[in-house]
Amino acid sequence: VSNMSNSDEKKDSVYSNTNGMPMNNGKNLHMDLAKGDVANRIVVCGTQSRAMTIAKHFDAEPKPVVITSSRGFTTVTGCFQGVRVSAVSIGMGVAMMDFFVREVRTVVDGPMAIIRFGTCGGLCPENAKDGTIVVASKGSMLVTRNYSYFASSGAAKSGGAVPYTFHEKAAANSEMSANLQRELIESCGAERVRAGLNVTADSFYSSQNRIDPNFDDENHTVVDDVVAQEPDALTMEMETYLLFHLAECSKIPIHATAASIVVANRKSSNVIDEPTLLFLEANGGVAALKTLILQPLYFPYTIRRCERYSPLESKYEYSE
């Protein structure tokens, strides 16, 4: 028989509520972050090694702080040229991007600027060659598997459903996209930089037209269908659309854009070599950081601009 009171029971609970599932220690559930642990300006990527490569360019002081969660997220926060920034690795997929955007939003006050810097497949043999970086200046389109189509009942298939759904595009921040393209050209060379439409898929396999003989995917024409509908589509990966979509839906401004290194061209079957990949990761990461610190954090419905955040005083300094 327990003599624990209701107040003691609540005090000893792991979670503070069952909505966002925040922890009673003040941190969020999956990223292990509390207020002050992550900056308003963030470069987000898939691999921890890329986040660490980017963080090598942070200022020596204050010493960058690394937080790695049990769910596979790594957050490195420091300063770049005196401005507070973070580099975060999240793994792959729209679900991981959803965790990231929502959970950093809960612990960051005020507007945010986020750049996804990752890798992708190229959809165009001319403008998305292996070894190029493509800025998603024209936004992102989402391709998802229509799970009902493959249901054993066959009802959706017999009713005229299609196996893959192409969703309406989500927009990138035009100001950040232009600045990012300029910084990438300066750091990586104009011959390596392109701009166009990103395509995000909900699978590395079926909705990206990869043929797997072990499963019934009916995906042989997915890439061709995407390019036929969207001729400006240059890249395909698994995260950018969710970033742009949630930026559009956020009640407090999130300014977002993305750039992806083409590691394999889906049309030519050419792949990137390791020295080129390492060069683009390092130099492209610096370009992303420079773009972030240029971006004013502003509320679009007012003329007040948040120029700097003071983590020690937990307040913004505004200029009219």
# chains A, B, ... in the order shown; residues from 1 in each chain; ligands from 1
call {"tool": "residues_around", "arguments": {"residues": "Ser89 in chain A", "least_positions_apart": "3", "cutoff": "9 Å", "atoms": "only C-alpha atoms", "output": "list in words"}}
result
Val43, Val44, Cys45, Gly46, Thr47, Gln48, Ser49, Arg50, Ala51, Met52, Gly72, Phe73, Thr74, Thr75 and Val76 of chain A
call {"tool": "residues_around", "arguments": {"residues": "Ala195 in chain A", "least_positions_apart": "4", "cutoff": "10 Å", "atoms": "only C-alpha atoms", "output": "ChimeraX atom specification"}}
result
/A:127-128,133-139,177-178,181,232-235,259
call {"tool": "write_last_selection", "arguments": {"atoms": "N, CA, C and O atoms", "output": "compact mmCIF listing (two decimals), in the first residue's frame"}}
result
# COMPACT_ATOMS: atom_id res chain seq x y z
N ASN A 127 21.69 20.13 -64.63
CA ASN A 127 21.70 21.15 -63.58
C ASN A 127 21.78 20.59 -62.17
O ASN A 127 21.76 21.36 -61.20
N ALA A 128 21.84 19.28 -62.03
CA ALA A 128 21.98 18.68 -60.70
C ALA A 128 22.97 17.52 -60.78
O ALA A 128 22.69 16.40 -60.37
N ILE A 133 25.88 21.77 -55.47
CA ILE A 133 25.00 22.10 -54.35
C ILE A 133 23.80 22.85 -54.91
O ILE A 133 23.96 23.83 -55.65
N VAL A 134 22.62 22.39 -54.56
CA VAL A 134 21.40 23.00 -55.08
C VAL A 134 20.62 23.67 -53.95
O VAL A 134 20.28 23.02 -52.96
N VAL A 135 20.36 24.97 -54.10
CA VAL A 135 19.55 25.72 -53.14
C VAL A 135 18.08 25.54 -53.51
O VAL A 135 17.71 25.69 -54.67
N ALA A 136 17.27 25.24 -52.53
CA ALA A 136 15.83 25.01 -52.77
C ALA A 136 15.08 26.33 -52.81
O ALA A 136 14.10 26.55 -52.07
N SER A 137 15.52 27.23 -53.70
CA SER A 137 14.94 28.57 -53.76
C SER A 137 13.50 28.58 -54.23
O SER A 137 12.74 29.51 -53.94
N LYS A 138 13.11 27.55 -54.97
CA LYS A 138 11.73 27.46 -55.47
C LYS A 138 10.84 26.61 -54.58
O LYS A 138 9.73 26.23 -54.98
N GLY A 139 11.32 26.32 -53.37
CA GLY A 139 10.50 25.59 -52.43
C GLY A 139 10.67 24.09 -52.52
O GLY A 139 11.65 23.59 -53.08
N SER A 177 17.30 32.40 -49.21
CA SER A 177 17.72 31.58 -50.34
C SER A 177 18.70 32.33 -51.23
O SER A 177 19.72 31.77 -51.66
N ALA A 178 18.40 33.60 -51.50
CA ALA A 178 19.30 34.41 -52.33
C ALA A 178 20.65 34.61 -51.65
O ALA A 178 21.71 34.53 -52.29
N GLN A 181 22.61 31.27 -51.73
CA GLN A 181 23.17 31.01 -53.06
C GLN A 181 24.41 31.85 -53.29
O GLN A 181 25.44 31.35 -53.80
N ASP A 232 11.21 22.21 -62.90
CA ASP A 232 12.27 22.85 -62.12
C ASP A 232 12.77 21.96 -60.99
O ASP A 232 13.66 22.37 -60.23
N ALA A 233 12.21 20.76 -60.84
CA ALA A 233 12.64 19.86 -59.77
C ALA A 233 14.06 19.37 -60.04
O ALA A 233 14.33 18.77 -61.07
N LEU A 234 14.96 19.66 -59.09
CA LEU A 234 16.37 19.30 -59.28
C LEU A 234 16.87 18.28 -58.27
O LEU A 234 17.82 17.55 -58.56
N THR A 235 16.30 18.25 -57.08
CA THR A 235 16.83 17.38 -56.03
C THR A 235 15.72 16.57 -55.37
O THR A 235 14.56 16.98 -55.36
N ALA A 259 19.83 23.81 -48.67
CA ALA A 259 20.75 23.50 -49.76
C ALA A 259 21.21 22.06 -49.59
O ALA A 259 21.46 21.61 -48.47
call {"tool": "residues_around", "arguments": {"residues": "Gly20 in chain A", "least_positions_apart": "5", "cutoff": "10 Å", "atoms": "only C-alpha atoms", "output": "list in words"}}
result
Tyr15, Asn28, Leu29, Arg102, Glu103 and Thr106 of chain A
call {"tool": "write_last_selection", "arguments": {"atoms": "N, CA and C atoms", "output": "short mmCIF file (atom, residue, chain, number, x, y, z; two decimals), in the first residue's frame"}}
result
data_model
loop_
_atom_site.label_atom_id
_atom_site.label_comp_id
_atom_site.auth_asym_id
_atom_site.auth_seq_id
_atom_site.Cartn_x
_atom_site.Cartn_y
_atom_site.Cartn_z
N TYR A 15 7.20 12.70 -16.81
CA TYR A 15 6.71 13.70 -17.75
C TYR A 15 5.84 14.72 -17.03
N ASN A 28 12.92 18.88 -23.36
CA ASN A 28 11.93 18.20 -24.18
C ASN A 28 12.32 16.72 -24.35
N LEU A 29 11.38 15.94 -24.84
CA LEU A 29 11.48 14.49 -24.73
C LEU A 29 12.55 13.87 -25.63
N ARG A 102 9.51 21.14 -34.17
CA ARG A 102 8.55 21.36 -33.08
C ARG A 102 9.26 21.47 -31.72
N GLU A 103 10.28 20.65 -31.51
CA GLU A 103 10.90 20.66 -30.19
C GLU A 103 11.86 21.83 -29.99
N THR A 106 9.68 24.88 -29.15
CA THR A 106 9.16 24.97 -27.78
C THR A 106 10.17 25.58 -26.81
#
call {"tool": "select_by_dssp", "arguments": {"residues": "range 102-275 of chain A", "states": "helix (DSSP H, G or I)", "output": "count of residues only"}}
result
55
call {"tool": "closest_residue", "arguments": {"among": "A:His30, A:His245, A:Arg194, A:Arg210", "to": "Cys124 in chain A", "atoms": "only C-alpha atoms"}}
result
A:Arg194
call {"tool": "residues_around", "arguments": {"residues": "Thr53 in chain A", "least_positions_apart": "5", "cutoff": "9 Å", "atoms": "only C-alpha atoms", "output": "PyMOL selection string"}}
result
chain A and resi 48+281-282+285
call {"tool": "write_last_selection", "arguments": {"atoms": "C-alpha atoms", "output": "compact mmCIF listing (two decimals), in the first residue's frame"}}
result
# COMPACT_ATOMS: atom_id res chain seq x y z
CA GLN A 48 26.42 13.99 -36.66
CA GLU A 281 30.52 19.88 -46.61
CA ALA A 282 33.17 22.14 -45.11
CA GLY A 285 28.70 24.71 -43.99
